[in-house]
Amino acid sequence: MKDLTFEVGALLDGAHGRTGRIHTPHGPIDTPAFIPVATKATVKTLTPEQIRATGAQAILSNAYHLYLQPGAEIVDEAGGVAAFENWHGPTYTDSGGFQVMSLGAGYKKVLAMDTAGLTRNDIRAAEKERLAIVDDDGVNFKSHLDGSRHRFTPEVSMQIQHALGADLIFAFDELTTLVEPRAYQETSVERTRRWAERCLTEHDRLTRLRADKPRQSLWGVVQGAQYEDLRRVAARGLEELSRRAEDEGRRGFGGYGIGGAIEKENLGTIVGWVCEELPVDKPRHLLGISEPDDLFAAVEAGADTFDCVAPTRLARRGGVYTLDGRMNLTAARFKRDFRGVDEEFGGYVSENYSRAYLHHLLKAKEFLAGTLCTIHNLEFMIRLVDDIRAHLNAGTYREFRDAFMARYYAHGGRAQAGV
């Protein structure tokens with residue numbers, strides 16, 4: 001079976017932005033593309049058929065959560081994560097590293113891209129209840145479900161992800177925060193490089209062992225926080241590992257993830273540093289990004305695909321995207337608002353349900369509220385990135401960006417009574 005391949009399409013003048021197509025064993029992904037997150041082999045509140053109807057090309061599931069429940073071996077017996085969840089298309093799994101650190105170490109409150117007000121004391125406070133301990137070989141952690149003890153190493157992460165069977169998988173990396181000191185960031189980048197080397201070795205072994213399975217593409221993850229030299233060193237180090245593996249007749253990295261907490265105002269700059277160091281013929285995935293301004297900045301800097309739980313998490317709380325910014329449908333002013341969510345944008349929800357009805361469902365705590373708001377938000381985000389791709393191909397990207405941004409952020413990115 002063939003490995004993943006990537007074709008570069010149109011290029012953005014004066015920037016790293018481009019269109020392209022990722023070929024996987026389960027179909028192509030036209031880029032740039034937004035990838036919805038199906039954490040536990042489901043996009044919360046939606047069926048696979050509903051996910052497809054939003055225009056999604058692929059979905060991303062989480063190795064940590066599926067390892068804990070139902071267990072990677074169960075998913076493997078089912079034929080892999082795509083068959084298990086009845087998704088007939090490309091799939092990603094992340095390595096589990098983010099969840100091991102954020103859930104296990106109590107970092108959830110300090111991973112935001114805005115570091116205003118954060119100090120080293122925030123980390124120390126989180127570490128009082130720390131459930132994950134990092135060493136050079138791997139990470140010991142306690143399950144957030146029942147407190148049971150587990151250990152992830154690069155080899156374990158590869159074994160889990162091979163059992164899950166996604167088309168695109170990520171090397172196990174160490175997550176750091178923006179308030180970790182420079183010396184620790186240096187140590188972490190080198191640790192992540194060594195772990196990536198071990199991932200390549202185990203990935204090659206498992207690929208040979210499971211030769212009857214569809215080929216999976218392993219992607220390295222570039223860390224380095226906000227430091228330009230560390231980001232560049234990390235990117236070059238991973239590509240050097242990849243070339244060395246290929247020279248030895250083994251499989252290298254099929255693409256790269258850009259990870260770690262990144263300050264919002266520096267997102268485009270940091271992604272640009274990384275993309276300048278990475279080969280142009282391999283795709284780049286930016287982990288955990290979804291706000292419109294972040295998407296535009298990341299595309300221009302050279303990122304090809306993106307994932308984030310924000311659109312679906314926001315939806316379950318009544319937050320919805322519109323062309324005029326975000327708004328929260330739990331607000332009292334929507335009680336008798338019988339317009340669609342965004343009639344100009346359209347889409348299934350806006351064309352069939354009123355703001356008043358969604359407001360009622362949210363106040364009544366009906367599950368259908370989360371379903372409809374999630375459908376709308378995914379349609380909005382996926383269509384936005386599809387439009388970005390179309391305008392890159394047409395040579396009208398900057399005009400589209402300026403018009404969209406001027407309107408969406410006219411109210412600071414949020415409509416009146418927004419979230």
# chains A, B, ... in the order shown; residues from 1 in each chain; ligands from 1

$ closest_atom_pairs --of "range 293-361 of chain A" --to "range 373-390 of chain A" --cutoff "9 Å" --atoms "only C-alpha atoms" --output "CSV"
residue,atom,partner,partner_atom,distance
A:Leu295,CA,A:Val385,CA,7.9
A:Phe296,CA,A:Ile388,CA,8.1
A:Val299,CA,A:Ile388,CA,8.6
A:Pro311,CA,A:Asn377,CA,5.6
A:Thr312,CA,A:Thr374,CA,5.2
A:Arg313,CA,A:Thr374,CA,8.1
A:Leu314,CA,A:Thr374,CA,8.2
A:Ala315,CA,A:Cys373,CA,4.9
A:Arg316,CA,A:Cys373,CA,6.8
A:Arg317,CA,A:Cys373,CA,8.8
A:Gly318,CA,A:Cys373,CA,6.8
A:Gly319,CA,A:Cys373,CA,7.5
A:Val320,CA,A:Asn377,CA,6.0
A:Tyr321,CA,A:Asn377,CA,6.0
A:Thr322,CA,A:Phe380,CA,7.7
A:Leu323,CA,A:Phe380,CA,8.8
A:Val341,CA,A:His376,CA,8.4
A:Phe345,CA,A:Phe380,CA,8.0
A:Gly347,CA,A:Glu379,CA,7.1
A:Tyr348,CA,A:His376,CA,7.3
A:Val349,CA,A:His376,CA,5.9
A:Ser350,CA,A:His376,CA,7.6
A:Leu358,CA,A:Cys373,CA,7.9

$ atom_distance --atom1 "CA of Trp273 in chain A" --atom2 "CA of Ile258 in chain A"
10.7 Å

$ closest_residue --among "A:Pro283, A:Asp294, A:Asp247, A:Leu218" --to "Arg401 in chain A" --atoms "only C-alpha atoms"
A:Asp294

$ atom_distance --atom1 "CA of Val139 in chain A" --atom2 "CA of Arg236 in chain A"
24.9 Å

$ residues_around --residues "Asp137 in chain A" --least-positions-apart "6" --cutoff "9 Å" --atoms "only C-alpha atoms" --output "PyMOL selection string"
chain A and resi 152-154+191+195

$ closest_residue --among "A:Val43, A:Val156, A:Thr330, A:Asp173" --to "Ala364 in chain A" --atoms "only C-alpha atoms"
A:Thr330

$ select_by_dssp --residues "range 177-253 of chain A" --states "strand (DSSP E)" --output "ChimeraX atom specification"
/A:217-222

$ residues_around --residues "Arg205 in chain A" --least-positions-apart "2" --cutoff "12 Å" --atoms "only C-alpha atoms" --output "list in words"
Glu155, Met158, Gln159, His162, Arg198, Cys199, Leu200, Thr201, Glu202, His203, Thr207, Arg208, Leu209, Arg210, Ala211, Arg250 and Arg251 of chain A

$ write_last_selection --atoms "N, CA and C atoms" --output "mmCIF file, in the first residue's frame"
data_model
loop_
_atom_site.group_PDB
_atom_site.id
_atom_site.type_symbol
_atom_site.label_atom_id
_atom_site.label_comp_id
_atom_site.auth_asym_id
_atom_site.auth_seq_id
_atom_site.Cartn_x
_atom_site.Cartn_y
_atom_site.Cartn_z
ATOM 1 N N GLU A 155 7.318 4.606 22.432
ATOM 2 C CA GLU A 155 6.936 3.307 21.875
ATOM 3 C C GLU A 155 5.476 2.980 22.186
ATOM 4 N N MET A 158 3.167 4.968 19.932
ATOM 5 C CA MET A 158 3.116 4.402 18.583
ATOM 6 C C MET A 158 2.271 3.130 18.562
ATOM 7 N N GLN A 159 2.404 2.292 19.588
ATOM 8 C CA GLN A 159 1.633 1.056 19.631
ATOM 9 C C GLN A 159 0.140 1.352 19.729
ATOM 10 N N HIS A 162 -0.989 2.870 16.267
ATOM 11 C CA HIS A 162 -1.084 1.838 15.227
ATOM 12 C C HIS A 162 -2.328 0.986 15.439
ATOM 13 N N ARG A 198 12.808 7.790 18.552
ATOM 14 C CA ARG A 198 12.289 6.501 19.008
ATOM 15 C C ARG A 198 10.940 6.183 18.349
ATOM 16 N N CYS A 199 10.135 7.228 18.136
ATOM 17 C CA CYS A 199 8.859 7.018 17.448
ATOM 18 C C CYS A 199 9.076 6.507 16.032
ATOM 19 N N LEU A 200 10.044 7.092 15.320
ATOM 20 C CA LEU A 200 10.345 6.643 13.964
ATOM 21 C C LEU A 200 10.746 5.168 13.950
ATOM 22 N N THR A 201 11.576 4.775 14.897
ATOM 23 C CA THR A 201 12.033 3.384 14.961
ATOM 24 C C THR A 201 10.874 2.437 15.229
ATOM 25 N N GLU A 202 10.029 2.792 16.205
ATOM 26 C CA GLU A 202 8.904 1.926 16.541
ATOM 27 C C GLU A 202 7.850 1.933 15.444
ATOM 28 N N HIS A 203 7.649 3.077 14.820
ATOM 29 C CA HIS A 203 6.700 3.178 13.703
ATOM 30 C C HIS A 203 7.118 2.254 12.563
ATOM 31 N N THR A 207 4.976 -0.966 11.354
ATOM 32 C CA THR A 207 4.513 -0.986 9.963
ATOM 33 C C THR A 207 4.866 -2.322 9.306
ATOM 34 N N ARG A 208 6.071 -2.805 9.584
ATOM 35 C CA ARG A 208 6.475 -4.098 9.028
ATOM 36 C C ARG A 208 5.674 -5.241 9.664
ATOM 37 N N LEU A 209 5.442 -5.135 10.973
ATOM 38 C CA LEU A 209 4.722 -6.170 11.696
ATOM 39 C C LEU A 209 3.263 -6.257 11.253
ATOM 40 N N ARG A 210 2.677 -5.103 10.926
ATOM 41 C CA ARG A 210 1.263 -5.028 10.553
ATOM 42 C C ARG A 210 1.146 -4.694 9.059
ATOM 43 N N ALA A 211 1.856 -5.442 8.261
ATOM 44 C CA ALA A 211 1.931 -5.141 6.823
ATOM 45 C C ALA A 211 0.594 -5.294 6.117
ATOM 46 N N ARG A 250 14.389 3.182 6.096
ATOM 47 C CA ARG A 250 13.217 3.204 6.962
ATOM 48 C C ARG A 250 12.304 4.351 6.536
ATOM 49 N N ARG A 251 11.177 4.471 7.187
ATOM 50 C CA ARG A 251 10.220 5.510 6.841
ATOM 51 C C ARG A 251 10.490 6.759 7.668
#

$ closest_residue --among "A:His391, A:Arg194, A:His285, A:Lys363" --to "Leu238 in chain A" --atoms "only C-alpha atoms"
A:Arg194

$ closest_atom_pairs --of "range 142-240 of chain A" --to "range 70-88 of chain A" --cutoff "7 Å" --atoms "only C-alpha atoms" --output "tab-separated table"
residue	atom	partner	partner_atom	distance
A:Ile160	CA	A:Ala72	CA	5.8
A:Ala163	CA	A:Asp76	CA	4.9
A:Leu164	CA	A:Gly80	CA	5.0
A:Gly165	CA	A:Gly80	CA	4.7
A:Ala166	CA	A:Val81	CA	6.4

$ select_by_dssp --residues "range 19-108 of chain A" --states "helix (DSSP H, G or I)" --output "mmCIF file with C-alpha atoms, in the first residue's frame"
data_model
loop_
_atom_site.group_PDB
_atom_site.id
_atom_site.type_symbol
_atom_site.label_atom_id
_atom_site.label_comp_id
_atom_site.auth_asym_id
_atom_site.auth_seq_id
_atom_site.Cartn_x
_atom_site.Cartn_y
_atom_site.Cartn_z
ATOM 1 C CA PRO A 48 -20.916 10.616 11.237
ATOM 2 C CA GLU A 49 -23.529 11.434 8.592
ATOM 3 C CA GLN A 50 -24.085 14.851 10.179
ATOM 4 C CA ILE A 51 -20.344 15.464 10.309
ATOM 5 C CA ARG A 52 -20.023 14.685 6.606
ATOM 6 C CA ALA A 53 -22.896 17.045 5.819
ATOM 7 C CA ALA A 63 -5.021 8.490 21.603
ATOM 8 C CA TYR A 64 -5.083 9.234 25.347
ATOM 9 C CA HIS A 65 -8.864 9.075 25.657
ATOM 10 C CA LEU A 66 -9.292 6.013 23.428
ATOM 11 C CA TYR A 67 -6.472 4.226 25.271
ATOM 12 C CA LEU A 68 -8.321 4.725 28.544
ATOM 13 C CA ALA A 72 -6.878 0.612 21.759
ATOM 14 C CA GLU A 73 -7.176 -3.164 21.390
ATOM 15 C CA ILE A 74 -10.961 -2.887 21.108
ATOM 16 C CA VAL A 75 -10.668 -0.287 18.361
ATOM 17 C CA ASP A 76 -8.094 -2.461 16.596
ATOM 18 C CA GLU A 77 -10.447 -5.461 16.694
ATOM 19 C CA VAL A 81 -10.985 4.074 14.430
ATOM 20 C CA ALA A 82 -12.629 4.886 11.073
ATOM 21 C CA ALA A 83 -14.549 1.603 10.976
ATOM 22 C CA PHE A 84 -15.292 1.766 14.707
ATOM 23 C CA GLY A 97 0.939 13.905 24.887
ATOM 24 C CA PHE A 98 -1.222 17.006 25.233
ATOM 25 C CA GLN A 99 -3.833 15.233 27.348
ATOM 26 C CA VAL A 100 -1.270 13.400 29.458
ATOM 27 C CA MET A 101 0.266 16.764 30.368
ATOM 28 C CA SER A 102 -2.789 19.027 30.479
ATOM 29 C CA LEU A 103 -5.182 16.631 32.222
ATOM 30 C CA GLY A 104 -2.550 14.808 34.211
ATOM 31 C CA ALA A 105 -0.509 17.829 35.254
ATOM 32 C CA LYS A 108 -5.581 23.345 31.772
#

$ atom_distance --atom1 "CA of Val179 in chain A" --atom2 "CA of Ser61 in chain A"
28.0 Å

$ residues_around --residues "Tyr256 in chain A" --least-positions-apart "5" --cutoff "9 Å" --atoms "only C-alpha atoms" --output "number ranges by chain"
A: 170, 218-222, 235, 238, 278, 282-286

$ residues_around --residues "Thr305 in chain A" --least-positions-apart "4" --cutoff "6 Å" --atoms "only C-alpha atoms" --output "compact mmCIF listing (two decimals) with C-alpha atoms, in the first residue's frame"
# COMPACT_ATOMS: atom_id res chain seq x y z
CA PRO A 32 -6.03 24.41 3.79
CA ALA A 33 -8.57 22.36 5.73
CA PHE A 34 -10.21 22.52 9.14
CA HIS A 285 -0.68 20.70 10.81

$ closest_residue --among "A:Leu4, A:Leu11, A:Ala58, A:Ala406" --to "Val280 in chain A" --atoms "only C-alpha atoms"
A:Leu11

$ residues_around --residues "Asp337 in chain A" --least-positions-apart "5" --cutoff "12 Å" --atoms "only C-alpha atoms" --output "list in words"
Leu329, Thr330, Ala331, Ala332, Asp342, Tyr353, Ser354, Arg355, Ala356, Tyr357, Leu358, His359 and His360 of chain A

$ closest_residue --among "A:Ala303, A:Val274, A:Ala245, A:Ala171" --to "Arg231 in chain A" --atoms "only C-alpha atoms"
A:Val274
